[in-house]
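model.cif (mmCIF, C-alpha atoms) appears below.
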data_protein
loop_
_atom_site.label_atom_id
_atom_site.label_comp_id
_atom_site.auth_asym_id
_atom_site.auth_seq_id
_atom_site.Cartn_x
_atom_site.Cartn_y
_atom_site.Cartn_z
CA MET A 1 -12.98 -14.95 15.97
CA TRP A 2 -10.25 -13.82 18.40
CA ARG A 3 -7.68 -15.67 16.31
CA ASP A 4 -8.88 -13.80 13.19
CA ALA A 5 -8.72 -10.49 15.08
CA SER A 6 -5.21 -11.17 16.35
CA THR A 7 -3.89 -12.18 12.89
CA TRP A 8 -5.58 -9.11 11.42
CA ALA A 9 -3.89 -6.94 14.06
CA ALA A 10 -0.56 -8.68 13.40
CA GLU A 11 -0.98 -7.83 9.71
CA ALA A 12 -1.69 -4.15 10.48
CA LEU A 13 1.30 -4.02 12.84
CA ALA A 14 3.53 -5.61 10.19
CA VAL A 15 2.56 -2.80 7.78
CA PHE A 16 3.20 -0.20 10.50
CA ALA A 17 6.62 -1.70 11.34
CA LYS A 18 7.53 -1.90 7.64
CA GLU A 19 6.64 1.77 7.13
CA TRP A 20 8.87 2.92 9.97
CA ARG A 21 11.70 0.58 8.99
CA CYS A 22 11.72 2.03 5.46
CA GLU A 23 11.27 5.56 6.82
CA PHE A 24 14.21 5.28 9.23
CA ARG A 25 16.38 4.09 6.34
CA THR A 26 15.36 6.79 3.84
CA ARG A 27 14.10 9.54 6.20
CA TYR A 28 12.10 10.98 3.32
CA ALA A 29 8.90 11.90 5.17
CA LEU A 30 10.74 12.82 8.39
CA ASN A 31 13.07 15.21 6.57
CA THR A 32 10.26 16.74 4.49
CA LEU A 33 8.03 17.29 7.49
CA ALA A 34 10.83 18.61 9.69
CA LEU A 35 12.14 21.01 7.03
CA PHE A 36 8.69 22.38 6.22
CA ALA A 37 7.75 22.67 9.89
CA PHE A 38 11.01 24.37 10.82
CA THR A 39 10.84 26.89 7.96
CA THR A 40 7.22 27.92 8.58
CA LEU A 41 7.80 27.94 12.33
CA VAL A 42 10.70 30.35 12.03
CA VAL A 43 8.89 32.62 9.53
CA VAL A 44 5.70 32.81 11.61
CA SER A 45 7.51 33.15 14.94
CA VAL A 46 9.82 35.91 13.75
CA SER A 47 7.05 37.82 11.93
CA LEU A 48 4.32 37.44 14.54
CA GLY A 49 6.32 36.79 17.70
CA PRO A 50 5.85 38.66 20.95
CA ILE A 51 7.04 41.87 19.33
CA GLY A 52 5.11 41.66 16.07
CA VAL A 53 1.60 41.06 17.37
CA SER A 54 -0.47 42.43 20.27
CA LEU A 55 -1.87 40.11 22.96
CA SER A 56 -5.47 40.31 21.68
CA GLN A 57 -4.41 39.77 18.07
CA GLY A 58 -2.16 36.93 19.16
CA THR A 59 -5.04 35.02 20.76
CA ALA A 60 -7.02 35.26 17.52
CA VAL A 61 -4.26 34.76 14.96
CA LEU A 62 -1.65 32.46 16.49
CA PRO A 63 -3.91 29.36 16.93
CA VAL A 64 -4.82 29.64 13.23
CA LEU A 65 -1.17 29.73 12.22
CA LEU A 66 -0.34 26.76 14.44
CA TRP A 67 -2.86 24.62 12.53
CA VAL A 68 -1.75 26.04 9.17
CA ILE A 69 1.80 24.94 9.99
CA LEU A 70 0.62 21.48 11.09
CA LEU A 71 -1.67 21.08 8.06
CA PHE A 72 0.89 22.05 5.43
CA SER A 73 3.72 20.12 7.08
CA ALA A 74 1.51 17.02 7.19
CA ALA A 75 0.41 17.57 3.58
CA ALA A 76 4.06 17.64 2.54
CA GLY A 77 4.83 14.20 3.96
CA LEU A 78 1.73 12.10 4.64
CA PRO A 79 0.54 11.52 1.04
CA ARG A 80 3.74 9.51 0.46
CA ALA A 81 2.14 6.65 2.43
CA PHE A 82 0.44 5.26 -0.67
CA VAL A 83 1.97 7.27 -3.51
CA GLN A 84 5.38 5.69 -2.94
CA GLU A 85 3.87 2.18 -3.14
CA GLU A 86 2.54 2.98 -6.63
CA GLU A 87 5.67 4.77 -7.81
CA THR A 88 7.99 1.95 -6.76
CA GLN A 89 5.51 -0.72 -7.98
CA THR A 90 5.40 -2.41 -4.57
CA ALA A 91 1.62 -1.82 -4.61
CA ILE A 92 1.13 -4.95 -6.75
CA ALA A 93 2.74 -7.23 -4.16
CA LEU A 94 0.75 -5.49 -1.41
CA ARG A 95 -2.53 -5.92 -3.31
CA LEU A 96 -1.81 -9.61 -3.71
CA ALA A 97 -0.78 -10.22 -0.11
CA ALA A 98 -2.50 -7.80 2.29
CA THR A 99 -6.00 -7.59 3.71
CA PRO A 100 -7.18 -4.10 2.63
CA SER A 101 -8.55 -3.06 6.04
CA ALA A 102 -5.37 -4.19 7.84
CA LEU A 103 -3.26 -2.34 5.28
CA PHE A 104 -5.31 0.84 5.77
CA CYS A 105 -5.00 0.63 9.56
CA GLY A 106 -1.25 -0.05 9.38
CA LYS A 107 -0.76 2.99 7.14
CA LEU A 108 -3.06 5.09 9.35
CA LEU A 109 -1.07 4.11 12.43
CA TYR A 110 2.14 5.17 10.67
CA CYS A 111 0.65 8.54 9.61
CA LEU A 112 -0.69 9.01 13.13
CA THR A 113 2.71 8.51 14.76
CA LEU A 114 4.30 10.78 12.16
CA THR A 115 1.70 13.49 12.90
CA ALA A 116 2.17 13.04 16.65
CA ALA A 117 5.93 13.47 16.24
CA LEU A 118 5.29 16.59 14.17
CA GLU A 119 2.99 18.05 16.83
CA LEU A 120 5.48 17.24 19.59
CA LEU A 121 8.20 19.01 17.63
CA VAL A 122 6.23 22.05 16.49
CA THR A 123 3.82 22.95 19.30
CA PRO A 124 6.20 23.58 22.25
CA VAL A 125 8.64 25.53 20.06
CA TYR A 126 5.80 27.54 18.53
CA LEU A 127 4.29 28.40 21.93
CA ALA A 128 7.70 29.43 23.25
CA MET A 129 8.71 31.50 20.22
CA THR A 130 5.37 33.35 19.97
CA ASN A 131 5.11 33.68 23.76
CA LEU A 132 1.56 32.37 23.53
CA ASN A 133 0.09 31.73 26.98
CA VAL A 134 -2.28 28.74 27.06
CA LYS A 135 -4.78 28.94 29.91
CA SER A 136 -6.21 25.43 29.38
CA PRO A 137 -3.24 23.19 28.53
CA GLY A 138 -5.37 20.06 29.03
CA LEU A 139 -7.79 21.18 26.32
CA LEU A 140 -4.88 22.00 24.00
CA VAL A 141 -3.46 18.49 24.45
CA ALA A 142 -6.91 17.00 23.74
CA VAL A 143 -7.31 19.15 20.60
CA LEU A 144 -3.85 18.22 19.35
CA ALA A 145 -4.56 14.51 19.96
CA ALA A 146 -8.01 14.48 18.32
CA GLY A 147 -7.02 16.95 15.59
CA GLY A 148 -3.81 15.08 14.85
CA TYR A 149 -5.74 11.82 14.54
CA GLY A 150 -8.22 13.45 12.15
CA LEU A 151 -5.39 14.95 10.11
CA ALA A 152 -3.69 11.54 9.84
CA ALA A 153 -6.91 9.65 9.03
CA GLY A 154 -8.09 12.19 6.44
CA SER A 155 -4.66 12.34 4.79
CA THR A 156 -4.36 8.54 4.70
CA LEU A 157 -7.75 8.21 3.01
CA VAL A 158 -7.04 10.94 0.44
CA ALA A 159 -3.54 9.52 -0.18
CA ALA A 160 -5.09 6.12 -0.98
CA ILE A 161 -7.54 7.72 -3.40
CA ILE A 162 -4.93 9.75 -5.29
CA ALA A 163 -2.20 7.10 -5.36
CA GLN A 164 -3.23 5.68 -8.74
CA ALA A 165 -3.91 9.07 -10.35
CA ARG A 166 -1.50 10.88 -12.65
CA SER A 167 -1.55 14.41 -11.15
CA LYS A 168 -1.12 13.29 -7.57
CA GLY A 169 -0.01 16.62 -6.07
CA THR A 170 -2.88 18.63 -7.54
CA LEU A 171 -5.43 15.96 -6.74
CA PHE A 172 -4.30 15.73 -3.11
CA SER A 173 -4.89 19.45 -2.64
CA VAL A 174 -8.29 19.32 -4.35
CA LEU A 175 -9.53 16.30 -2.40
CA ALA A 176 -7.91 17.13 0.92
CA PHE A 177 -9.52 20.59 1.03
CA PRO A 178 -13.14 19.45 1.59
CA VAL A 179 -12.06 16.49 3.74
CA LEU A 180 -9.76 18.41 6.09
CA LEU A 181 -11.44 21.84 6.15
CA PRO A 182 -14.08 20.96 8.82
CA LEU A 183 -11.34 19.43 10.97
CA ILE A 184 -9.12 22.52 10.78
CA LEU A 185 -12.00 24.90 11.51
CA ILE A 186 -13.03 22.96 14.62
CA ALA A 187 -9.42 22.48 15.76
CA VAL A 188 -8.68 26.22 15.39
CA GLU A 189 -11.80 27.14 17.38
CA LEU A 190 -10.84 24.71 20.14
CA THR A 191 -7.23 25.93 20.22
CA ARG A 192 -8.48 29.51 20.59
CA GLY A 193 -10.63 28.26 23.47
CA ALA A 194 -7.61 26.58 25.08
CA VAL A 195 -5.58 29.80 24.78
CA ALA A 196 -8.41 31.95 26.21
CA GLY A 197 -9.29 29.43 28.91
CA ASP A 198 -12.80 28.74 27.54
CA PRO A 199 -14.22 25.23 27.88
CA GLY A 200 -14.48 23.33 24.60
CA GLY A 201 -18.29 23.12 24.56
CA VAL A 202 -19.66 20.96 21.76
CA ALA A 203 -16.61 21.49 19.55
CA LEU A 204 -14.57 18.69 21.15
CA PRO A 205 -17.31 16.05 20.69
CA GLN A 206 -17.68 17.36 17.12
CA LEU A 207 -13.97 16.78 16.56
CA LEU A 208 -14.19 13.25 17.97
CA LEU A 209 -17.24 12.60 15.77
CA TYR A 210 -15.27 13.82 12.74
CA ASP A 211 -12.46 11.37 13.65
CA ALA A 212 -14.93 8.49 13.91
CA VAL A 213 -16.63 9.35 10.61
CA VAL A 214 -13.33 9.62 8.70
CA THR A 215 -12.09 6.32 10.17
CA ILE A 216 -15.31 4.45 9.30
CA ALA A 217 -15.44 6.05 5.83
CA GLY A 218 -11.79 5.08 5.29
CA LEU A 219 -12.37 1.45 6.30
CA MET A 220 -15.46 1.23 4.08
CA LEU A 221 -14.05 3.04 1.05
CA PHE A 222 -10.50 1.73 1.10
CA PRO A 223 -11.11 -1.78 -0.36
CA ALA A 224 -12.95 -0.21 -3.32
CA VAL A 225 -10.29 2.45 -3.82
CA TRP A 226 -7.36 0.07 -3.43
CA ASN A 227 -8.56 -2.85 -5.52
CA PRO A 228 -9.86 -2.83 -9.12
CA MET B 1 -10.52 -29.89 -6.56
CA LEU B 2 -8.57 -27.05 -8.17
CA GLN B 3 -10.06 -25.52 -11.29
CA LEU B 4 -9.57 -22.28 -13.20
CA ARG B 5 -11.88 -21.49 -16.12
CA PHE B 6 -12.13 -18.25 -18.04
CA GLU B 7 -14.59 -17.61 -20.85
CA ASN B 8 -14.72 -14.85 -23.44
CA VAL B 9 -12.59 -12.41 -21.38
CA ARG B 10 -12.49 -8.95 -22.91
CA ARG B 11 -10.53 -5.92 -21.76
CA ARG B 12 -10.08 -2.44 -23.23
CA PHE B 13 -7.90 0.47 -22.16
CA GLY B 14 -9.68 3.54 -23.51
CA ARG B 15 -10.03 2.98 -27.26
CA LEU B 16 -7.42 0.23 -27.33
CA THR B 17 -8.89 -3.27 -27.19
CA VAL B 18 -6.32 -5.61 -25.68
CA LEU B 19 -8.28 -8.81 -25.07
CA THR B 20 -11.03 -9.78 -27.50
CA GLY B 21 -12.83 -12.74 -26.00
CA VAL B 22 -10.16 -15.08 -24.65
CA SER B 23 -11.11 -18.47 -23.18
CA GLY B 24 -9.19 -21.24 -21.49
CA GLY B 25 -8.71 -23.18 -18.31
CA VAL B 26 -6.43 -25.33 -16.22
CA GLY B 27 -6.88 -28.12 -13.68
CA PRO B 28 -4.77 -29.98 -11.10
CA GLY B 29 -1.28 -30.90 -12.27
CA GLU B 30 -1.80 -28.98 -15.51
CA MET B 31 -0.16 -26.02 -17.13
CA LEU B 32 -1.69 -23.59 -19.61
CA ALA B 33 0.90 -21.94 -21.85
CA ILE B 34 0.00 -18.52 -23.22
CA THR B 35 2.12 -17.12 -26.02
CA GLY B 36 2.00 -14.03 -28.19
CA PRO B 37 4.13 -11.09 -29.25
CA ASN B 38 4.65 -7.95 -27.15
CA GLY B 39 1.40 -6.05 -26.71
CA SER B 40 -0.82 -9.04 -27.46
CA GLY B 41 -2.40 -8.90 -23.99
CA LYS B 42 -0.60 -11.71 -22.14
CA SER B 43 0.17 -9.60 -19.06
CA THR B 44 -3.33 -8.06 -19.12
CA LEU B 45 -4.86 -11.54 -19.12
CA MET B 46 -2.56 -12.60 -16.27
CA ARG B 47 -3.59 -9.54 -14.25
CA CYS B 48 -7.25 -10.37 -14.87
CA LEU B 49 -6.68 -13.97 -13.76
CA ALA B 50 -4.85 -12.77 -10.63
CA GLY B 51 -7.76 -10.49 -9.73
CA LEU B 52 -5.65 -7.37 -10.16
CA LEU B 53 -7.69 -6.13 -13.09
CA ALA B 54 -11.42 -6.52 -13.68
CA PRO B 55 -12.34 -7.72 -17.19
CA ASP B 56 -14.84 -5.59 -19.13
CA ALA B 57 -16.74 -8.72 -20.16
CA GLY B 58 -16.51 -12.47 -19.76
CA THR B 59 -16.20 -14.69 -16.71
CA ILE B 60 -13.31 -15.95 -14.61
CA GLU B 61 -14.17 -18.83 -12.29
CA TYR B 62 -11.71 -20.27 -9.83
CA GLN B 63 -12.24 -22.90 -7.19
CA GLU B 64 -10.09 -24.71 -4.66
CA GLU B 65 -11.38 -27.85 -2.92
CA ASP B 66 -14.66 -27.30 -4.81
CA GLN B 67 -15.08 -23.90 -3.12
CA PRO B 68 -15.62 -21.07 -5.63
CA LEU B 69 -13.47 -18.04 -4.84
CA ASP B 70 -14.23 -14.47 -5.84
CA ALA B 71 -11.63 -12.05 -7.23
CA ALA B 72 -10.63 -10.75 -3.78
CA SER B 73 -10.03 -14.26 -2.41
CA ARG B 74 -8.34 -15.36 -5.62
CA ARG B 75 -5.97 -12.42 -5.41
CA ARG B 76 -4.65 -13.54 -2.02
CA ARG B 77 -4.46 -17.26 -2.90
CA VAL B 78 -2.56 -17.30 -6.18
CA GLY B 79 1.21 -17.14 -6.53
CA VAL B 80 2.34 -14.54 -9.04
CA VAL B 81 5.63 -13.98 -10.85
CA ALA B 82 5.49 -10.89 -13.08
CA PRO B 83 8.04 -8.46 -14.51
CA ASP B 84 6.39 -5.45 -12.80
CA LEU B 85 6.37 -7.09 -9.37
CA ALA B 86 8.69 -5.09 -7.11
CA PHE B 87 9.82 -5.28 -3.48
CA TYR B 88 10.99 -2.78 -0.88
CA SER B 89 14.44 -1.64 -1.94
CA GLU B 90 15.18 -0.26 1.55
CA MET B 91 14.79 -3.73 3.09
CA THR B 92 16.87 -6.86 2.73
CA VAL B 93 15.65 -9.95 0.89
CA GLY B 94 14.99 -11.68 4.23
CA GLU B 95 13.10 -8.70 5.64
CA ASN B 96 10.94 -8.51 2.52
CA LEU B 97 10.09 -12.18 2.77
CA ASP B 98 9.36 -11.93 6.49
CA PHE B 99 7.07 -8.92 5.93
CA PHE B 100 5.05 -10.63 3.23
CA ALA B 101 4.90 -13.86 5.26
CA ARG B 102 3.20 -11.85 8.04
CA LEU B 103 0.73 -10.41 5.53
CA ARG B 104 0.11 -13.89 4.10
CA ARG B 105 -0.32 -15.16 7.68
CA THR B 106 2.20 -17.90 7.07
CA SER B 107 5.73 -18.81 8.09
CA PRO B 108 8.57 -17.48 5.93
CA GLU B 109 10.20 -20.94 6.00
CA ARG B 110 8.91 -22.06 2.59
CA GLY B 111 10.01 -18.86 0.88
CA LEU B 112 13.40 -19.07 2.61
CA ALA B 113 13.82 -22.66 1.42
CA VAL B 114 13.04 -21.60 -2.16
CA LEU B 115 15.52 -18.73 -1.97
CA ASP B 116 18.10 -21.10 -0.54
CA ARG B 117 17.63 -23.36 -3.58
CA LEU B 118 17.83 -20.32 -5.86
CA GLN B 119 21.01 -19.24 -4.00
CA LEU B 120 19.78 -15.75 -3.16
CA PRO B 121 21.52 -14.18 -0.11
CA LEU B 122 18.97 -13.08 2.49
CA ASP B 123 21.05 -10.19 3.83
CA ARG B 124 21.33 -8.42 0.46
CA MET B 125 19.29 -5.20 0.13
CA ALA B 126 16.47 -5.71 -2.38
CA GLY B 127 17.42 -2.42 -4.06
CA ALA B 128 20.92 -3.75 -4.75
CA LEU B 129 19.78 -6.93 -6.53
CA SER B 130 20.58 -7.55 -10.18
CA SER B 131 17.64 -8.21 -12.52
CA GLY B 132 18.30 -11.96 -12.37
CA MET B 133 18.38 -11.92 -8.57
CA ARG B 134 15.15 -9.89 -8.48
CA GLN B 135 13.56 -12.63 -10.55
CA ARG B 136 14.75 -15.19 -7.99
CA LEU B 137 13.17 -13.14 -5.23
CA ARG B 138 9.88 -13.04 -7.21
CA TRP B 139 9.89 -16.85 -7.30
CA GLY B 140 10.54 -17.09 -3.57
CA TRP B 141 7.77 -14.57 -2.93
CA ALA B 142 5.30 -16.38 -5.23
CA LEU B 143 5.82 -19.75 -3.53
CA LEU B 144 5.86 -18.32 0.01
CA HIS B 145 2.28 -19.31 0.90
CA ALA B 146 2.25 -22.63 -0.98
CA PRO B 147 -0.30 -21.49 -3.58
CA ARG B 148 -2.30 -24.07 -5.56
CA LEU B 149 -2.32 -21.89 -8.67
CA LEU B 150 0.76 -20.18 -10.08
CA LEU B 151 0.41 -17.31 -12.56
CA LEU B 152 3.79 -16.88 -14.20
CA ASP B 153 4.35 -13.97 -16.58
CA GLU B 154 7.69 -14.38 -18.36
CA PRO B 155 8.91 -16.56 -15.47
CA PHE B 156 12.40 -17.27 -16.74
CA GLN B 157 13.41 -13.81 -17.93
CA ASN B 158 16.80 -12.50 -16.74
CA PHE B 159 17.74 -15.90 -15.30
CA ASP B 160 21.15 -17.39 -15.89
CA ALA B 161 21.25 -21.10 -16.85
CA PRO B 162 21.38 -22.47 -13.24
CA GLY B 163 18.60 -20.08 -12.15
CA GLU B 164 16.32 -21.17 -14.98
CA ARG B 165 17.04 -24.84 -14.29
CA ILE B 166 16.07 -24.48 -10.62
CA ALA B 167 12.94 -22.45 -11.48
CA ARG B 168 11.88 -25.13 -13.96
CA GLU B 169 12.41 -27.76 -11.25
CA LEU B 170 10.25 -25.74 -8.84
CA LEU B 171 7.50 -25.49 -11.45
CA ALA B 172 7.67 -29.21 -12.20
CA GLU B 173 7.47 -30.01 -8.45
CA HIS B 174 4.48 -27.69 -8.09
CA LEU B 175 2.63 -29.47 -10.91
CA ALA B 176 3.63 -32.91 -9.63
CA ALA B 177 2.13 -31.99 -6.24
CA GLY B 178 -1.24 -31.34 -7.91
CA GLY B 179 -0.88 -27.60 -8.36
CA ALA B 180 -1.76 -25.76 -11.56
CA ALA B 181 0.03 -23.05 -13.50
CA VAL B 182 -0.67 -20.50 -16.21
CA VAL B 183 2.53 -19.43 -17.92
CA ALA B 184 2.75 -16.47 -20.29
CA ASN B 185 5.81 -16.08 -22.47
CA PRO B 186 6.52 -14.33 -25.81
CA SER B 187 7.92 -17.54 -27.28
CA PRO B 188 6.66 -21.11 -26.76
CA LEU B 189 8.21 -22.81 -23.73
CA GLU B 190 9.46 -26.34 -23.90
CA PHE B 191 7.88 -27.95 -20.90
CA GLY B 192 6.04 -31.16 -19.95
CA ASN B 193 2.52 -31.22 -18.42
CA VAL B 194 1.25 -28.60 -20.87
CA ALA B 195 -2.49 -29.17 -20.92
CA GLY B 196 -3.31 -26.39 -23.32
CA ARG B 197 -1.79 -23.67 -25.40
CA LEU B 198 -3.32 -20.27 -26.01
CA ASP B 199 -1.80 -18.07 -28.70
CA LEU B 200 -2.73 -14.40 -28.39
CA GLY B 201 -0.82 -13.50 -31.57
CA ARG B 202 -2.69 -11.20 -33.88
#

Structure rendered as structure tokens:
Amino acid sequence: MWRDASTWAAEALAVFAKEWRCEFRTRYALNTLALFAFTTLVVVSVSLGPIGVSLSQGTAVLPVLLWVILLFSAAAGLPRAFVQEEETQTAIALRLAATPSALFCGKLLYCLTLTAALELLVTPVYLAMTNLNVKSPGLLVAVLAAGGYGLAAGSTLVAAIIAQARSKGTLFSVLAFPVLLPLILIAVELTRGAVAGDPGGVALPQLLLYDAVVTIAGLMLFPAVWNP
Amino acid sequence: MLQLRFENVRRRFGRLTVLTGVSGGVGPGEMLAITGPNGSGKSTLMRCLAGLLAPDAGTIEYQEEDQPLDAASRRRRVGVVAPDLAFYSEMTVGENLDFFARLRRTSPERGLAVLDRLQLPLDRMAGALSSGMRQRLRWGWALLHAPRLLLLDEPFQNFDAPGERIARELLAEHLAAGGAAVVANPSPLEFGNVAGRLDLGR
């Protein structure tokens, strides 16, 4: 059993390593994410920075905009995880060679690291440029970690579903909305709490539960979505 | 014992019926040759046999060592050469082979040996390969995990004379070792060990 688990993990890691190797050579997702994040970051920071918004308004509005930036930046790059496999016809070789669950986890791990890099890039700059004072930085880190995982897992699952469709861009938006909306609502509420210094309450367990549900749903649905 | 049998396989795409009840089979050391003009359903049948496409009706039964394998297991066991099979253009030939060897849970040695025979440089980027070289890489990829059943869709296309000669040798060795093959080609192939011929011409 352990041998099976280790070969399964080696398969997932091979997919993860392949994704980053290709990404470092093309920099497609990295450039898309960075450009989108930078543009929205500058627009929001300049429009609603310390001068443009009062302290009370800032506490209510700025956490929302942080997650809007993260959501749309992720949506610009993460769907490529599976779409590119179909467009370049490498999906056939993958279907013939990979264990579906290992493939899903390898892709999820790649999307997760991409999202983490995005959060590391965006959040400190955003907080500095909007002069947003976070009273519970520990809670903010926890929200970013759990929210980022949910964003990556939800996007990976939706990307797998839309990969074989014709109108991929439209379909991603339509399917991602109901999947990611609960996550964003909870993450925004928790980020507001972190800014105001309120404890997370039940929202953080809810976010972790969302992550678990999306991961289990992804592992269960993916073989059916991926194979005929 | 290795055995592939398919009975009355039907497949439609919307209103277009591509396969209308096709039957055949192949055993150890045997080759089934499928011929037919463009659009006759050769590639569709090959995709059904590989487990990449589910037939609308009919049965496909495959067993290795008397163990029946379902479509998911069949998909990972067979070796496939097909015109629409592509590899990662951002990676070298060697990196592609190494990646798929990890997914196949096998050593890349066998695939490397095949590519060595086919004289394909491992350090060449897959995206920079000519069509003939891509076909060589498909052969190396298909034989990577020592499959018992080879599904070859237009296996010699884009090959130069030496490439085709080596690929034919590889196929002959595979059959001599007790493997089986289904080969689809628009025109009949001159080859020994042909156990059956299936013409999808309409």

Exercise for review: Tell me which residues the PyMOL selection byres ((chain A) within 10 of (chain B)) grabs here, as an NGL selection string.
Suggested key: :A and (7-8 or 10-15 or 17-18 or 21-26 or 85 or 88-100 or 102-103 or 223 or 227-228)

**Study point:** Within 6 Å of file point (-8.7, 28.0, 30.5), counting only C-alpha atoms, expressed as a ChimeraX atom specification
**Key:** /A:135-136,194,196-198

Review point. In file coordinates, which residues lie within 6 Å of (-4.7, -12.0, -23.5) using all atoms listed in the file, given as a list of chain:residue names?
Key: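 The residues near that point, listed by chain and number, are B:Leu19, B:Gly41, B:Lys42, B:Leu45, B:Leu200.
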
Near segment 130-136 of chain B, within 12 Å and counting only C-alpha atoms, which residues show up once chain neighbours fewer than 5 positions away are dropped, as a PDB file with C-alpha atoms, keeping the file's coordinate frame?
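Resulting contents of out.pdb:
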ATOM      1  CA  VAL B  80       2.340 -14.540  -9.040  1.00  0.00           C
ATOM      2  CA  VAL B  81       5.630 -13.980 -10.850  1.00  0.00           C
ATOM      3  CA  ALA B  82       5.490 -10.890 -13.080  1.00  0.00           C
ATOM      4  CA  PRO B  83       8.040  -8.460 -14.510  1.00  0.00           C
ATOM      5  CA  ASP B  84       6.390  -5.450 -12.800  1.00  0.00           C
ATOM      6  CA  LEU B  85       6.370  -7.090  -9.370  1.00  0.00           C
ATOM      7  CA  ALA B  86       8.690  -5.090  -7.110  1.00  0.00           C
ATOM      8  CA  PHE B  87       9.820  -5.280  -3.480  1.00  0.00           C
ATOM      9  CA  TYR B  88      10.990  -2.780  -0.880  1.00  0.00           C
ATOM     10  CA  SER B  89      14.440  -1.640  -1.940  1.00  0.00           C
ATOM     11  CA  THR B  92      16.870  -6.860   2.730  1.00  0.00           C
ATOM     12  CA  VAL B  93      15.650  -9.950   0.890  1.00  0.00           C
ATOM     13  CA  ASN B  96      10.940  -8.510   2.520  1.00  0.00           C
ATOM     14  CA  GLY B 111      10.010 -18.860   0.880  1.00  0.00           C
ATOM     15  CA  LEU B 112      13.400 -19.070   2.610  1.00  0.00           C
ATOM     16  CA  VAL B 114      13.040 -21.600  -2.160  1.00  0.00           C
ATOM     17  CA  LEU B 115      15.520 -18.730  -1.970  1.00  0.00           C
ATOM     18  CA  ASP B 116      18.100 -21.100  -0.540  1.00  0.00           C
ATOM     19  CA  ARG B 117      17.630 -23.360  -3.580  1.00  0.00           C
ATOM     20  CA  LEU B 118      17.830 -20.320  -5.860  1.00  0.00           C
ATOM     21  CA  GLN B 119      21.010 -19.240  -4.000  1.00  0.00           C
ATOM     22  CA  LEU B 120      19.780 -15.750  -3.160  1.00  0.00           C
ATOM     23  CA  PRO B 121      21.520 -14.180  -0.110  1.00  0.00           C
ATOM     24  CA  LEU B 122      18.970 -13.080   2.490  1.00  0.00           C
ATOM     25  CA  ARG B 124      21.330  -8.420   0.460  1.00  0.00           C
ATOM     26  CA  MET B 125      19.290  -5.200   0.130  1.00  0.00           C
ATOM     27  CA  TRP B 141       7.770 -14.570  -2.930  1.00  0.00           C
ATOM     28  CA  ALA B 142       5.300 -16.380  -5.230  1.00  0.00           C
ATOM     29  CA  LEU B 143       5.820 -19.750  -3.530  1.00  0.00           C
ATOM     30  CA  LEU B 152       3.790 -16.880 -14.200  1.00  0.00           C
ATOM     31  CA  ASP B 153       4.350 -13.970 -16.580  1.00  0.00           C
ATOM     32  CA  GLU B 154       7.690 -14.380 -18.360  1.00  0.00           C
ATOM     33  CA  PRO B 155       8.910 -16.560 -15.470  1.00  0.00           C
ATOM     34  CA  PHE B 156      12.400 -17.270 -16.740  1.00  0.00           C
ATOM     35  CA  GLN B 157      13.410 -13.810 -17.930  1.00  0.00           C
ATOM     36  CA  ASN B 158      16.800 -12.500 -16.740  1.00  0.00           C
ATOM     37  CA  PHE B 159      17.740 -15.900 -15.300  1.00  0.00           C
ATOM     38  CA  ASP B 160      21.150 -17.390 -15.890  1.00  0.00           C
ATOM     39  CA  ALA B 161      21.250 -21.100 -16.850  1.00  0.00           C
ATOM     40  CA  PRO B 162      21.380 -22.470 -13.240  1.00  0.00           C
ATOM     41  CA  GLY B 163      18.600 -20.080 -12.150  1.00  0.00           C
ATOM     42  CA  GLU B 164      16.320 -21.170 -14.980  1.00  0.00           C
ATOM     43  CA  ARG B 165      17.040 -24.840 -14.290  1.00  0.00           C
ATOM     44  CA  ILE B 166      16.070 -24.480 -10.620  1.00  0.00           C
ATOM     45  CA  ALA B 167      12.940 -22.450 -11.480  1.00  0.00           C
ATOM     46  CA  ARG B 168      11.880 -25.130 -13.960  1.00  0.00           C
ATOM     47  CA  LEU B 170      10.250 -25.740  -8.840  1.00  0.00           C
TER      48      LEU B 170
END

Check your understanding: Taking into account only C-alpha atoms, which residue in the set B:Ala126, B:Leu2, B:Ile60, B:Leu97 is nearest to Val26 of chain B?
Key ->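 That would be B:Leu2, the residue with the smallest distance to Val26 of chain B.
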
Check your understanding: Separation of atom CA of Gly193 of chain A and atom CA of Leu78 of chain A, in Å?
Key ->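 Atom CA of Leu78 of chain A lies 27.7 Å from atom CA of Gly193 of chain A.
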
Point to revise | Contact residues around Leu157 of chain A with all atoms listed in the file at 12 Å, ignoring same-chain residues under 4 positions, as a ChimeraX atom specification | key: /A:78-83,101,103-105,107-108,111,150-153,161-163,172,175-176,179-180,213-226

Centre, x/y/z edge lengths, axis-aligned box for segment 38-50 of chain A with 4 Å per side, as AutoDock Vina command-line options:
--center_x 7.7 --center_y 31.5 --center_z 14.5 --size_x 14.7 --size_y 22.3 --size_z 21.0

Show me that you can extract segment 44-56 of chain B, keeping C-alpha atoms, and write it as a tab-separated table (two decimals), in the first residue's frame.
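Written file, out_2.tsv:
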chain	number	residue	atom	x	y	z
B	44	THR	CA	-12.46	6.71	-34.23
B	45	LEU	CA	-12.21	2.93	-33.92
B	46	MET	CA	-8.62	3.21	-32.69
B	47	ARG	CA	-9.68	5.75	-30.06
B	48	CYS	CA	-12.47	3.42	-28.94
B	49	LEU	CA	-10.01	0.51	-28.70
B	50	ALA	CA	-7.57	2.67	-26.72
B	51	GLY	CA	-10.31	3.62	-24.25
B	52	LEU	CA	-10.17	7.27	-25.25
B	53	LEU	CA	-13.68	7.25	-26.65
B	54	ALA	CA	-16.68	5.28	-25.42
B	55	PRO	CA	-18.61	3.46	-28.17
B	56	ASP	CA	-22.35	4.15	-28.38
